[in-house]
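As stored in query-v3.txt (compact mmCIF, N, CA and C atoms):
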```txt
# COMPACT_ATOMS: atom_id res chain seq x y z
N MET A 67 90.93 45.27 13.39
CA MET A 67 91.62 45.54 12.14
C MET A 67 92.93 46.32 12.40
N ILE A 68 92.85 47.35 13.21
CA ILE A 68 94.04 48.13 13.52
C ILE A 68 95.06 47.27 14.25
N LYS A 69 94.57 46.39 15.10
CA LYS A 69 95.46 45.49 15.83
C LYS A 69 96.24 44.60 14.86
N LYS A 70 95.58 44.08 13.82
CA LYS A 70 96.24 43.24 12.82
C LYS A 70 97.29 44.03 12.05
N ILE A 71 96.96 45.27 11.72
CA ILE A 71 97.91 46.12 10.99
C ILE A 71 99.14 46.39 11.85
N LEU A 72 98.92 46.68 13.12
CA LEU A 72 100.04 46.92 14.02
C LEU A 72 100.91 45.69 14.17
N VAL A 73 100.31 44.52 14.26
CA VAL A 73 101.07 43.28 14.36
C VAL A 73 101.90 43.07 13.10
N ILE A 74 101.29 43.31 11.93
CA ILE A 74 102.00 43.14 10.66
C ILE A 74 103.17 44.12 10.58
N LEU A 75 102.94 45.37 10.97
CA LEU A 75 104.01 46.37 10.95
C LEU A 75 105.14 45.99 11.92
N PHE A 76 104.77 45.49 13.08
CA PHE A 76 105.77 45.07 14.06
C PHE A 76 106.61 43.91 13.51
N VAL A 77 105.99 42.94 12.92
CA VAL A 77 106.71 41.79 12.35
C VAL A 77 107.61 42.25 11.21
N LEU A 78 107.11 43.14 10.38
CA LEU A 78 107.90 43.66 9.27
C LEU A 78 109.12 44.42 9.80
N PHE A 79 108.92 45.27 10.80
CA PHE A 79 110.02 46.02 11.41
C PHE A 79 111.04 45.08 12.04
N ALA A 80 110.57 44.11 12.76
CA ALA A 80 111.47 43.16 13.44
C ALA A 80 112.30 42.38 12.43
N SER A 81 111.69 41.93 11.36
CA SER A 81 112.42 41.15 10.36
C SER A 81 113.43 42.03 9.62
N THR A 82 113.10 43.28 9.38
CA THR A 82 114.04 44.21 8.75
C THR A 82 115.23 44.44 9.66
N HIS A 83 114.98 44.59 10.95
CA HIS A 83 116.05 44.79 11.92
C HIS A 83 117.00 43.58 11.93
N ILE A 84 116.47 42.39 11.86
CA ILE A 84 117.27 41.17 11.84
C ILE A 84 118.16 41.14 10.59
N VAL A 85 117.60 41.52 9.45
CA VAL A 85 118.38 41.53 8.20
C VAL A 85 119.54 42.52 8.31
N TYR A 86 119.27 43.72 8.84
CA TYR A 86 120.34 44.70 9.00
C TYR A 86 121.39 44.24 9.99
N ALA A 87 120.97 43.63 11.08
CA ALA A 87 121.92 43.12 12.07
C ALA A 87 122.81 42.05 11.45
N LYS A 88 122.22 41.15 10.68
CA LYS A 88 122.98 40.08 10.02
C LYS A 88 123.98 40.68 9.03
N SER A 89 123.55 41.71 8.31
CA SER A 89 124.42 42.39 7.36
C SER A 89 125.61 43.03 8.08
N ASP A 90 125.36 43.68 9.22
CA ASP A 90 126.44 44.27 10.02
C ASP A 90 127.42 43.21 10.49
N GLU A 91 126.89 42.06 10.93
CA GLU A 91 127.76 40.97 11.39
C GLU A 91 128.65 40.46 10.26
N LEU A 92 128.07 40.33 9.06
CA LEU A 92 128.86 39.84 7.93
C LEU A 92 129.93 40.85 7.52
N LEU A 93 129.63 42.15 7.62
CA LEU A 93 130.64 43.17 7.35
C LEU A 93 131.76 43.11 8.38
N GLU A 94 131.39 42.91 9.63
CA GLU A 94 132.38 42.80 10.71
C GLU A 94 133.28 41.57 10.46
N LEU A 95 132.69 40.45 10.08
CA LEU A 95 133.47 39.25 9.79
C LEU A 95 134.39 39.48 8.60
N LYS A 96 133.90 40.17 7.59
CA LYS A 96 134.73 40.47 6.42
C LYS A 96 135.94 41.31 6.84
N GLY A 97 135.72 42.33 7.68
CA GLY A 97 136.82 43.14 8.18
C GLY A 97 137.79 42.35 9.03
N PHE A 98 137.25 41.43 9.82
CA PHE A 98 138.06 40.56 10.68
C PHE A 98 138.98 39.68 9.82
N LYS A 99 138.42 39.06 8.79
CA LYS A 99 139.21 38.21 7.90
C LYS A 99 140.28 39.02 7.18
N TYR A 100 139.94 40.23 6.78
CA TYR A 100 140.89 41.10 6.09
C TYR A 100 142.04 41.45 7.04
N ALA A 101 141.72 41.75 8.29
CA ALA A 101 142.75 42.08 9.28
C ALA A 101 143.72 40.92 9.46
N ILE A 102 143.21 39.70 9.52
CA ILE A 102 144.06 38.52 9.71
C ILE A 102 145.14 38.44 8.63
N LYS A 103 144.79 38.81 7.41
CA LYS A 103 145.73 38.73 6.30
C LYS A 103 146.78 39.84 6.33
N ASN A 104 146.56 40.88 7.12
CA ASN A 104 147.43 42.04 7.08
C ASN A 104 148.24 42.28 8.34
N VAL A 105 148.26 41.31 9.25
CA VAL A 105 149.00 41.45 10.50
C VAL A 105 149.77 40.18 10.81
N HIS A 106 150.65 40.29 11.79
CA HIS A 106 151.46 39.14 12.21
C HIS A 106 150.83 38.34 13.35
N TYR A 107 149.92 38.98 14.10
CA TYR A 107 149.45 38.39 15.35
C TYR A 107 147.96 38.64 15.53
N LEU A 108 147.24 37.61 15.99
CA LEU A 108 145.82 37.73 16.30
C LEU A 108 145.54 36.98 17.58
N ALA A 109 144.89 37.64 18.53
CA ALA A 109 144.57 37.00 19.81
C ALA A 109 143.30 37.61 20.39
N LYS A 110 142.70 36.84 21.27
CA LYS A 110 141.59 37.34 22.09
C LYS A 110 142.22 37.72 23.43
N VAL A 111 142.02 38.96 23.84
CA VAL A 111 142.69 39.45 25.05
C VAL A 111 141.71 40.18 25.96
N LYS A 112 142.18 40.37 27.18
CA LYS A 112 141.48 41.20 28.16
C LYS A 112 142.49 42.25 28.60
N ILE A 113 142.21 43.51 28.28
CA ILE A 113 143.11 44.61 28.63
C ILE A 113 143.12 44.77 30.15
N THR A 114 144.31 44.86 30.73
CA THR A 114 144.42 45.00 32.18
C THR A 114 144.97 46.36 32.60
N ASN A 115 145.68 47.04 31.68
CA ASN A 115 146.26 48.33 32.05
C ASN A 115 146.65 49.09 30.79
N VAL A 116 146.64 50.42 30.90
CA VAL A 116 147.13 51.27 29.81
C VAL A 116 148.00 52.36 30.43
N GLU A 117 149.20 52.51 29.87
CA GLU A 117 150.10 53.59 30.29
C GLU A 117 150.19 54.60 29.15
N ILE A 118 150.26 55.89 29.49
CA ILE A 118 150.33 56.94 28.49
C ILE A 118 151.67 57.65 28.58
N PHE A 119 152.32 57.80 27.42
CA PHE A 119 153.59 58.51 27.33
C PHE A 119 153.45 59.61 26.28
N ARG A 120 153.77 60.83 26.64
CA ARG A 120 153.71 61.95 25.69
C ARG A 120 154.98 61.93 24.85
N GLU A 121 154.78 62.09 23.56
CA GLU A 121 155.90 62.11 22.62
C GLU A 121 156.26 63.56 22.29
N GLU A 122 157.45 63.77 21.76
CA GLU A 122 157.91 65.11 21.41
C GLU A 122 157.10 65.74 20.28
N ASP A 123 156.54 64.92 19.41
CA ASP A 123 155.79 65.44 18.26
C ASP A 123 154.32 65.72 18.58
N GLU A 124 154.00 65.88 19.86
CA GLU A 124 152.64 66.19 20.33
C GLU A 124 151.67 65.02 20.20
N SER A 125 152.19 63.83 19.94
CA SER A 125 151.35 62.64 19.95
C SER A 125 151.53 61.93 21.29
N GLU A 126 150.82 60.86 21.47
CA GLU A 126 150.96 60.04 22.67
C GLU A 126 151.18 58.60 22.27
N LYS A 127 151.94 57.91 23.10
CA LYS A 127 152.10 56.47 22.94
C LYS A 127 151.33 55.83 24.09
N HIS A 128 150.36 55.00 23.74
CA HIS A 128 149.62 54.24 24.73
C HIS A 128 150.19 52.83 24.73
N VAL A 129 150.58 52.35 25.88
CA VAL A 129 151.09 50.99 25.99
C VAL A 129 150.04 50.17 26.74
N TYR A 130 149.44 49.24 26.02
CA TYR A 130 148.39 48.38 26.56
C TYR A 130 149.01 47.10 27.10
N SER A 131 148.59 46.71 28.29
CA SER A 131 148.95 45.41 28.86
C SER A 131 147.69 44.56 28.85
N ALA A 132 147.86 43.29 28.52
CA ALA A 132 146.67 42.44 28.40
C ALA A 132 146.98 41.00 28.82
N GLU A 133 145.95 40.36 29.30
CA GLU A 133 145.97 38.92 29.54
C GLU A 133 145.50 38.27 28.25
N VAL A 134 146.27 37.33 27.73
CA VAL A 134 145.90 36.66 26.48
C VAL A 134 145.01 35.47 26.80
N LEU A 135 143.80 35.50 26.25
CA LEU A 135 142.84 34.42 26.48
C LEU A 135 142.98 33.31 25.45
N ALA A 136 143.33 33.68 24.23
CA ALA A 136 143.54 32.70 23.16
C ALA A 136 144.38 33.35 22.07
N THR A 137 145.34 32.58 21.52
CA THR A 137 146.16 33.06 20.41
C THR A 137 145.75 32.29 19.16
N TYR A 138 145.53 33.03 18.08
CA TYR A 138 145.10 32.41 16.83
C TYR A 138 146.16 32.49 15.74
N LYS A 139 146.99 33.52 15.80
CA LYS A 139 148.05 33.69 14.80
C LYS A 139 149.24 34.32 15.50
N GLY A 140 150.41 33.73 15.31
CA GLY A 140 151.61 34.25 15.95
C GLY A 140 151.98 33.45 17.18
N LYS A 141 153.03 33.91 17.85
CA LYS A 141 153.55 33.24 19.05
C LYS A 141 152.56 33.34 20.20
N SER A 142 152.38 32.26 20.93
CA SER A 142 151.48 32.24 22.09
C SER A 142 152.11 32.94 23.28
N HIS A 143 151.30 33.70 23.98
CA HIS A 143 151.73 34.40 25.20
C HIS A 143 150.64 34.26 26.25
N LYS A 144 151.04 34.37 27.51
CA LYS A 144 150.05 34.44 28.59
C LYS A 144 149.68 35.90 28.84
N ARG A 145 150.69 36.76 28.73
CA ARG A 145 150.50 38.21 28.89
C ARG A 145 151.14 38.88 27.69
N LEU A 146 150.65 40.05 27.37
CA LEU A 146 151.11 40.74 26.17
C LEU A 146 151.06 42.24 26.41
N SER A 147 151.99 42.96 25.80
CA SER A 147 151.86 44.41 25.77
C SER A 147 152.04 44.85 24.32
N TYR A 148 151.33 45.92 23.98
CA TYR A 148 151.46 46.47 22.63
C TYR A 148 151.28 47.97 22.67
N GLU A 149 151.85 48.63 21.65
CA GLU A 149 151.86 50.08 21.59
C GLU A 149 150.83 50.59 20.58
N MET A 150 150.32 51.77 20.89
CA MET A 150 149.41 52.45 19.99
C MET A 150 149.78 53.93 20.01
N PHE A 151 150.04 54.51 18.85
CA PHE A 151 150.33 55.93 18.77
C PHE A 151 149.07 56.67 18.36
N VAL A 152 148.72 57.71 19.13
CA VAL A 152 147.47 58.45 18.91
C VAL A 152 147.74 59.94 19.07
N GLU A 153 146.73 60.73 18.70
CA GLU A 153 146.82 62.17 18.92
C GLU A 153 146.75 62.45 20.40
N GLN A 154 147.43 63.50 20.81
CA GLN A 154 147.46 63.85 22.23
C GLN A 154 146.05 64.11 22.75
N GLY A 155 145.74 63.52 23.90
CA GLY A 155 144.44 63.70 24.54
C GLY A 155 143.36 62.75 24.07
N GLU A 156 143.68 61.84 23.15
CA GLU A 156 142.68 60.89 22.67
C GLU A 156 142.24 59.98 23.82
N ASP A 157 140.95 59.72 23.87
CA ASP A 157 140.39 58.90 24.95
C ASP A 157 140.91 57.48 24.91
N ILE A 158 141.06 56.93 26.09
CA ILE A 158 141.39 55.51 26.24
C ILE A 158 140.10 54.80 26.63
N VAL A 159 139.73 53.81 25.84
CA VAL A 159 138.50 53.08 26.13
C VAL A 159 138.85 51.61 26.33
N PHE A 160 138.65 51.13 27.53
CA PHE A 160 138.77 49.70 27.77
C PHE A 160 138.02 49.38 29.05
N ASN A 161 137.59 48.14 29.13
CA ASN A 161 136.90 47.65 30.32
C ASN A 161 137.26 46.19 30.49
N SER A 162 136.49 45.48 31.26
CA SER A 162 136.83 44.07 31.53
C SER A 162 136.40 43.12 30.42
N ALA A 163 135.75 43.64 29.38
CA ALA A 163 135.30 42.78 28.29
C ALA A 163 136.48 42.34 27.43
N SER A 164 136.43 41.14 26.93
CA SER A 164 137.49 40.65 26.05
C SER A 164 137.30 41.23 24.65
N ILE A 165 138.40 41.32 23.92
CA ILE A 165 138.39 41.80 22.53
C ILE A 165 139.37 40.96 21.72
N TYR A 166 139.20 41.01 20.41
CA TYR A 166 140.19 40.44 19.51
C TYR A 166 141.07 41.58 19.04
N VAL A 167 142.39 41.38 19.07
CA VAL A 167 143.31 42.37 18.54
C VAL A 167 144.15 41.74 17.43
N ALA A 168 144.30 42.50 16.36
CA ALA A 168 145.15 42.12 15.24
C ALA A 168 146.34 43.08 15.28
N LEU A 169 147.54 42.55 15.51
CA LEU A 169 148.71 43.39 15.77
C LEU A 169 149.85 43.09 14.81
N CYS A 170 150.70 44.09 14.66
CA CYS A 170 151.94 43.93 13.90
C CYS A 170 153.08 43.71 14.89
N LEU A 171 154.17 43.19 14.38
CA LEU A 171 155.37 42.92 15.18
C LEU A 171 156.55 43.58 14.48
N ASP A 172 157.26 44.49 15.18
CA ASP A 172 158.39 45.15 14.54
C ASP A 172 159.67 44.32 14.70
N GLU A 173 160.74 44.82 14.10
CA GLU A 173 162.01 44.08 14.10
C GLU A 173 162.62 43.94 15.49
N ASN A 174 162.16 44.75 16.45
CA ASN A 174 162.65 44.65 17.83
C ASN A 174 161.80 43.72 18.69
N GLY A 175 160.77 43.11 18.10
CA GLY A 175 159.91 42.21 18.85
C GLY A 175 158.79 42.92 19.60
N THR A 176 158.52 44.18 19.26
CA THR A 176 157.47 44.95 19.90
C THR A 176 156.18 44.84 19.09
N TYR A 177 155.10 44.50 19.77
CA TYR A 177 153.80 44.46 19.11
C TYR A 177 153.23 45.87 19.05
N TYR A 178 152.57 46.18 17.94
CA TYR A 178 151.93 47.49 17.83
C TYR A 178 150.62 47.39 17.06
N TRP A 179 149.74 48.32 17.39
CA TRP A 179 148.42 48.41 16.79
C TRP A 179 148.57 49.13 15.45
N PRO A 180 148.18 48.50 14.34
CA PRO A 180 148.38 49.12 13.04
C PRO A 180 147.34 50.18 12.66
N GLY A 181 146.26 50.29 13.41
CA GLY A 181 145.27 51.32 13.11
C GLY A 181 143.85 50.81 13.17
N THR A 182 142.95 51.68 12.78
CA THR A 182 141.52 51.37 12.80
C THR A 182 141.26 50.10 11.99
N GLY A 183 140.39 49.27 12.51
CA GLY A 183 140.06 48.02 11.82
C GLY A 183 140.88 46.85 12.30
N SER A 184 141.56 47.01 13.43
CA SER A 184 142.37 45.91 13.95
C SER A 184 142.00 45.54 15.38
N GLU A 185 140.83 45.96 15.81
CA GLU A 185 140.29 45.59 17.12
C GLU A 185 138.83 45.25 16.93
N PHE A 186 138.42 44.10 17.47
CA PHE A 186 137.07 43.61 17.24
C PHE A 186 136.44 43.11 18.53
N LYS A 187 135.19 43.45 18.72
CA LYS A 187 134.43 42.89 19.84
C LYS A 187 134.03 41.47 19.47
N PRO A 188 134.07 40.56 20.43
CA PRO A 188 133.57 39.21 20.12
C PRO A 188 132.10 39.28 19.71
N SER A 189 131.76 38.45 18.76
CA SER A 189 130.37 38.35 18.30
C SER A 189 130.11 36.90 17.94
N LEU A 190 128.86 36.54 17.83
CA LEU A 190 128.53 35.16 17.49
C LEU A 190 129.14 34.76 16.15
N VAL A 191 129.09 35.64 15.17
CA VAL A 191 129.59 35.29 13.85
C VAL A 191 131.12 35.15 13.84
N ILE A 192 131.83 36.03 14.53
CA ILE A 192 133.29 35.91 14.59
C ILE A 192 133.69 34.70 15.42
N ASP A 193 133.07 34.51 16.57
CA ASP A 193 133.39 33.36 17.42
C ASP A 193 133.16 32.05 16.68
N LYS A 194 132.03 31.96 15.98
CA LYS A 194 131.71 30.73 15.24
C LYS A 194 132.74 30.51 14.13
N TRP A 195 133.07 31.57 13.40
CA TRP A 195 134.02 31.44 12.31
C TRP A 195 135.38 31.00 12.84
N LEU A 196 135.83 31.57 13.95
CA LEU A 196 137.11 31.18 14.53
C LEU A 196 137.10 29.72 15.00
N THR A 197 136.00 29.30 15.59
CA THR A 197 135.89 27.91 16.03
C THR A 197 136.04 26.96 14.84
N GLU A 198 135.40 27.31 13.74
CA GLU A 198 135.43 26.46 12.55
C GLU A 198 136.75 26.55 11.79
N ASN A 199 137.50 27.64 11.96
CA ASN A 199 138.69 27.88 11.15
C ASN A 199 139.98 28.07 11.94
N LYS A 200 139.96 27.76 13.23
CA LYS A 200 141.11 28.01 14.10
C LYS A 200 142.41 27.44 13.54
N SER A 201 142.38 26.23 13.05
CA SER A 201 143.62 25.60 12.56
C SER A 201 144.12 26.27 11.28
N ASN A 202 143.25 26.92 10.53
CA ASN A 202 143.65 27.57 9.29
C ASN A 202 144.15 29.00 9.50
N VAL A 203 143.75 29.65 10.58
CA VAL A 203 144.11 31.04 10.80
C VAL A 203 145.62 31.21 10.91
N GLU A 204 146.28 30.33 11.63
CA GLU A 204 147.74 30.40 11.78
C GLU A 204 148.45 30.30 10.43
N LYS A 205 147.85 29.60 9.51
CA LYS A 205 148.47 29.38 8.20
C LYS A 205 148.25 30.54 7.23
N VAL A 206 147.39 31.48 7.57
CA VAL A 206 147.11 32.60 6.67
C VAL A 206 148.38 33.42 6.52
N SER A 207 148.84 33.54 5.29
CA SER A 207 150.06 34.32 5.08
C SER A 207 149.75 35.80 5.27
N THR A 208 150.76 36.52 5.71
CA THR A 208 150.59 37.92 6.04
C THR A 208 151.04 38.80 4.89
N ASN A 209 150.12 39.64 4.43
CA ASN A 209 150.46 40.71 3.50
C ASN A 209 150.90 41.86 4.39
N VAL A 210 152.18 42.17 4.43
CA VAL A 210 152.72 43.09 5.43
C VAL A 210 152.34 44.55 5.21
N GLY A 211 151.39 44.82 4.35
CA GLY A 211 150.99 46.19 4.07
C GLY A 211 150.66 47.01 5.29
N TRP A 212 149.95 46.45 6.26
CA TRP A 212 149.60 47.18 7.46
C TRP A 212 150.79 47.33 8.41
N CYS A 213 151.78 46.48 8.25
CA CYS A 213 152.87 46.42 9.22
C CYS A 213 154.17 47.03 8.70
N GLU A 214 154.10 47.84 7.68
CA GLU A 214 155.31 48.48 7.16
C GLU A 214 155.53 49.81 7.82
```
Would you give me this structure, written as structure tokens?
Amino acid sequence: MIKKILVILFVLFASTHIVYAKSDELLELKGFKYAIKNVHYLAKVKITNVEIFREEDESEKHVYSAEVLATYKGKSHKRLSYEMFVEQGEDIVFNSASIYVALCLDENGTYYWPGTGSEFKPSLVIDKWLTENKSNVEKVSTNVGWCE
């Protein structure tokens, strides 16, 4: 009897975990779609280097160099660099894993990170959505709100 109860509890717990995981994936996809509408450039990249420059206002400029694995919105590149302004001493986190970056492009042709919500880890739901919608992503008009 106790064994049956434990099995039922395990199944209930496992199914609840699946529902929450699916919900997280859908929220991530929603954020991903929102980012696409608010930037000029979207690509899957592999970060290869980060340089740090201290600014006079006590912030730092991080310049990321990356190998472009796929471009979904904007001009295609094989290699890319983009800037990120952060508080002084903020950690740099990158490894050999690929990521999706949603970037803005300034009037000088410099790509920059517009802020939180513009970097995404690949996931089954995002990868599947991009596969199904790749030709439409380039056509998504940009609401320049994030890039002003």
Could you please determine the separation between atom N of Gln154 (chain A) and CA of Trp179 (chain A) in Å, to one decimal place?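 Separation of atom N of Gln154 (chain A) and CA of Trp179 (chain A): 15.6 Å.
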So that I can check the secondary structure, give me every residue of chain A assigned strand (DSSP E) by backbone DSSP, as a count of residues only. 49
List the spatial neighbours of region 198-205 of chain A as a compact mmCIF listing (two decimals) with N, CA and C atoms, keeping the file's coordinate frame - criterion: any atom at most 6.5 Å away, only N, CA and C atoms, same-chain residues fewer than 5 positions off excluded.
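Once written, part_16.txt looks like this:
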```txt
# COMPACT_ATOMS: atom_id res chain seq x y z
N TYR A 138 145.53 33.03 18.08
CA TYR A 138 145.10 32.41 16.83
C TYR A 138 146.16 32.49 15.74
N LYS A 139 146.99 33.52 15.80
CA LYS A 139 148.05 33.69 14.80
C LYS A 139 149.24 34.32 15.50
N GLY A 140 150.41 33.73 15.31
CA GLY A 140 151.61 34.25 15.95
C GLY A 140 151.98 33.45 17.18
N ASP A 193 133.07 34.51 16.57
CA ASP A 193 133.39 33.36 17.42
C ASP A 193 133.16 32.05 16.68
```
Skip region 185-191 of chain A itself and residues of its chain fewer than 5 positions away, then list as a PDB file with N, CA and C atoms, in the frame of the given file all residues within 5 Å of it, counting all atoms listed in the file.
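Everything below was put into part-v9.pdb:
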```
ATOM      1  N   ILE A 165     138.400  41.320  23.920  1.00  0.00           N
ATOM      2  CA  ILE A 165     138.390  41.800  22.530  1.00  0.00           C
ATOM      3  C   ILE A 165     139.370  40.960  21.720  1.00  0.00           C
ATOM      4  N   TYR A 166     139.200  41.010  20.410  1.00  0.00           N
ATOM      5  CA  TYR A 166     140.190  40.440  19.510  1.00  0.00           C
ATOM      6  C   TYR A 166     141.070  41.580  19.040  1.00  0.00           C
ATOM      7  N   VAL A 167     142.390  41.380  19.070  1.00  0.00           N
ATOM      8  CA  VAL A 167     143.310  42.370  18.540  1.00  0.00           C
ATOM      9  C   VAL A 167     144.150  41.740  17.430  1.00  0.00           C
ATOM     10  N   ALA A 168     144.300  42.500  16.360  1.00  0.00           N
ATOM     11  CA  ALA A 168     145.150  42.120  15.240  1.00  0.00           C
ATOM     12  C   ALA A 168     146.340  43.080  15.280  1.00  0.00           C
TER      13      ALA A 168
END
```
So which one's closest to Ala101 (chain A), A:Val159, A:Leu146, A:Arg120, A:Leu169? Using all atoms listed in the file, please.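 Of the candidates, the smallest distance to Ala101 (chain A) is held by A:Leu169.
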Residues at most 7 Å from Phe151 (chain A), counting all atoms listed in the file, excluding those fewer than 3 positions away in the same chain, as a ChimeraX atom specification? /A:125-128,179
Nearest to Arg145 (chain A), chosen from A:Ile113, A:Ala163, A:Leu93, A:Leu196, with only C-alpha atoms counted in the distances: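 The shortest atom-to-atom distance to Arg145 (chain A) comes from A:Ile113.
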DSSP on the backbone: what in region 92-166 of chain A comes out helix (DSSP H, G or I), as number ranges by chain? A: 92-103
Serialized selection, N, CA and C atoms, as a PDB file, in the frame of the given file:
```pdb
ATOM      1  N   LEU A  92     128.070  40.330   9.060  1.00  0.00           N
ATOM      2  CA  LEU A  92     128.860  39.840   7.930  1.00  0.00           C
ATOM      3  C   LEU A  92     129.930  40.850   7.520  1.00  0.00           C
ATOM      4  N   LEU A  93     129.630  42.150   7.620  1.00  0.00           N
ATOM      5  CA  LEU A  93     130.640  43.170   7.350  1.00  0.00           C
ATOM      6  C   LEU A  93     131.760  43.110   8.380  1.00  0.00           C
ATOM      7  N   GLU A  94     131.390  42.910   9.630  1.00  0.00           N
ATOM      8  CA  GLU A  94     132.380  42.800  10.710  1.00  0.00           C
ATOM      9  C   GLU A  94     133.280  41.570  10.460  1.00  0.00           C
ATOM     10  N   LEU A  95     132.690  40.450  10.080  1.00  0.00           N
ATOM     11  CA  LEU A  95     133.470  39.250   9.790  1.00  0.00           C
ATOM     12  C   LEU A  95     134.390  39.480   8.600  1.00  0.00           C
ATOM     13  N   LYS A  96     133.900  40.170   7.590  1.00  0.00           N
ATOM     14  CA  LYS A  96     134.730  40.470   6.420  1.00  0.00           C
ATOM     15  C   LYS A  96     135.940  41.310   6.840  1.00  0.00           C
ATOM     16  N   GLY A  97     135.720  42.330   7.680  1.00  0.00           N
ATOM     17  CA  GLY A  97     136.820  43.140   8.180  1.00  0.00           C
ATOM     18  C   GLY A  97     137.790  42.350   9.030  1.00  0.00           C
ATOM     19  N   PHE A  98     137.250  41.430   9.820  1.00  0.00           N
ATOM     20  CA  PHE A  98     138.060  40.560  10.680  1.00  0.00           C
ATOM     21  C   PHE A  98     138.980  39.680   9.820  1.00  0.00           C
ATOM     22  N   LYS A  99     138.420  39.060   8.790  1.00  0.00           N
ATOM     23  CA  LYS A  99     139.210  38.210   7.900  1.00  0.00           C
ATOM     24  C   LYS A  99     140.280  39.020   7.180  1.00  0.00           C
ATOM     25  N   TYR A 100     139.940  40.230   6.780  1.00  0.00           N
ATOM     26  CA  TYR A 100     140.890  41.100   6.090  1.00  0.00           C
ATOM     27  C   TYR A 100     142.040  41.450   7.040  1.00  0.00           C
ATOM     28  N   ALA A 101     141.720  41.750   8.290  1.00  0.00           N
ATOM     29  CA  ALA A 101     142.750  42.080   9.280  1.00  0.00           C
ATOM     30  C   ALA A 101     143.720  40.920   9.460  1.00  0.00           C
ATOM     31  N   ILE A 102     143.210  39.700   9.520  1.00  0.00           N
ATOM     32  CA  ILE A 102     144.060  38.520   9.710  1.00  0.00           C
ATOM     33  C   ILE A 102     145.140  38.440   8.630  1.00  0.00           C
ATOM     34  N   LYS A 103     144.790  38.810   7.410  1.00  0.00           N
ATOM     35  CA  LYS A 103     145.730  38.730   6.300  1.00  0.00           C
ATOM     36  C   LYS A 103     146.780  39.840   6.330  1.00  0.00           C
TER      37      LYS A 103
END
```
Top pick for closest residue to Glu91 (chain A), considering A:Tyr148, A:Glu156, A:Ile118, A:Ile192 and counting all atoms listed in the file: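 When distances to Glu91 (chain A) are compared using all atoms listed in the file, the smallest one comes from A:Ile192.
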Can you work out the spacing between atom C of Gly181 (chain A) and CA of Ser164 (chain A) in Å, to one decimal?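 Going from atom C of Gly181 (chain A) over to CA of Ser164 (chain A) covers 17.6 Å.
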Complete region 199-209 of chain A with N, CA, C and O atoms (output as an mmCIF file, in the coordinates of the input).
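Contents of the output file result.cif:
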```cif
data_model
loop_
_atom_site.group_PDB
_atom_site.id
_atom_site.type_symbol
_atom_site.label_atom_id
_atom_site.label_comp_id
_atom_site.auth_asym_id
_atom_site.auth_seq_id
_atom_site.Cartn_x
_atom_site.Cartn_y
_atom_site.Cartn_z
ATOM 1 N N ASN A 199 137.500 27.640 11.960
ATOM 2 C CA ASN A 199 138.690 27.880 11.150
ATOM 3 C C ASN A 199 139.980 28.070 11.940
ATOM 4 O O ASN A 199 140.980 28.518 11.388
ATOM 5 N N LYS A 200 139.960 27.760 13.230
ATOM 6 C CA LYS A 200 141.110 28.010 14.100
ATOM 7 C C LYS A 200 142.410 27.440 13.540
ATOM 8 O O LYS A 200 143.433 28.113 13.528
ATOM 9 N N SER A 201 142.380 26.230 13.050
ATOM 10 C CA SER A 201 143.620 25.600 12.560
ATOM 11 C C SER A 201 144.120 26.270 11.280
ATOM 12 O O SER A 201 145.318 26.216 10.985
ATOM 13 N N ASN A 202 143.250 26.920 10.530
ATOM 14 C CA ASN A 202 143.650 27.570 9.290
ATOM 15 C C ASN A 202 144.150 29.000 9.500
ATOM 16 O O ASN A 202 144.878 29.522 8.659
ATOM 17 N N VAL A 203 143.750 29.650 10.580
ATOM 18 C CA VAL A 203 144.110 31.040 10.800
ATOM 19 C C VAL A 203 145.620 31.210 10.910
ATOM 20 O O VAL A 203 146.193 32.136 10.330
ATOM 21 N N GLU A 204 146.280 30.330 11.630
ATOM 22 C CA GLU A 204 147.740 30.400 11.780
ATOM 23 C C GLU A 204 148.450 30.300 10.430
ATOM 24 O O GLU A 204 149.506 30.872 10.228
ATOM 25 N N LYS A 205 147.850 29.600 9.510
ATOM 26 C CA LYS A 205 148.470 29.380 8.200
ATOM 27 C C LYS A 205 148.250 30.540 7.230
ATOM 28 O O LYS A 205 148.869 30.555 6.170
ATOM 29 N N VAL A 206 147.390 31.480 7.570
ATOM 30 C CA VAL A 206 147.110 32.600 6.670
ATOM 31 C C VAL A 206 148.380 33.420 6.520
ATOM 32 O O VAL A 206 148.945 33.904 7.498
ATOM 33 N N SER A 207 148.840 33.540 5.290
ATOM 34 C CA SER A 207 150.060 34.320 5.080
ATOM 35 C C SER A 207 149.750 35.800 5.270
ATOM 36 O O SER A 207 148.641 36.257 5.044
ATOM 37 N N THR A 208 150.760 36.520 5.710
ATOM 38 C CA THR A 208 150.590 37.920 6.040
ATOM 39 C C THR A 208 151.040 38.800 4.890
ATOM 40 O O THR A 208 152.186 38.714 4.444
ATOM 41 N N ASN A 209 150.120 39.640 4.430
ATOM 42 C CA ASN A 209 150.460 40.710 3.500
ATOM 43 C C ASN A 209 150.900 41.860 4.390
ATOM 44 O O ASN A 209 150.077 42.458 5.070
#
```
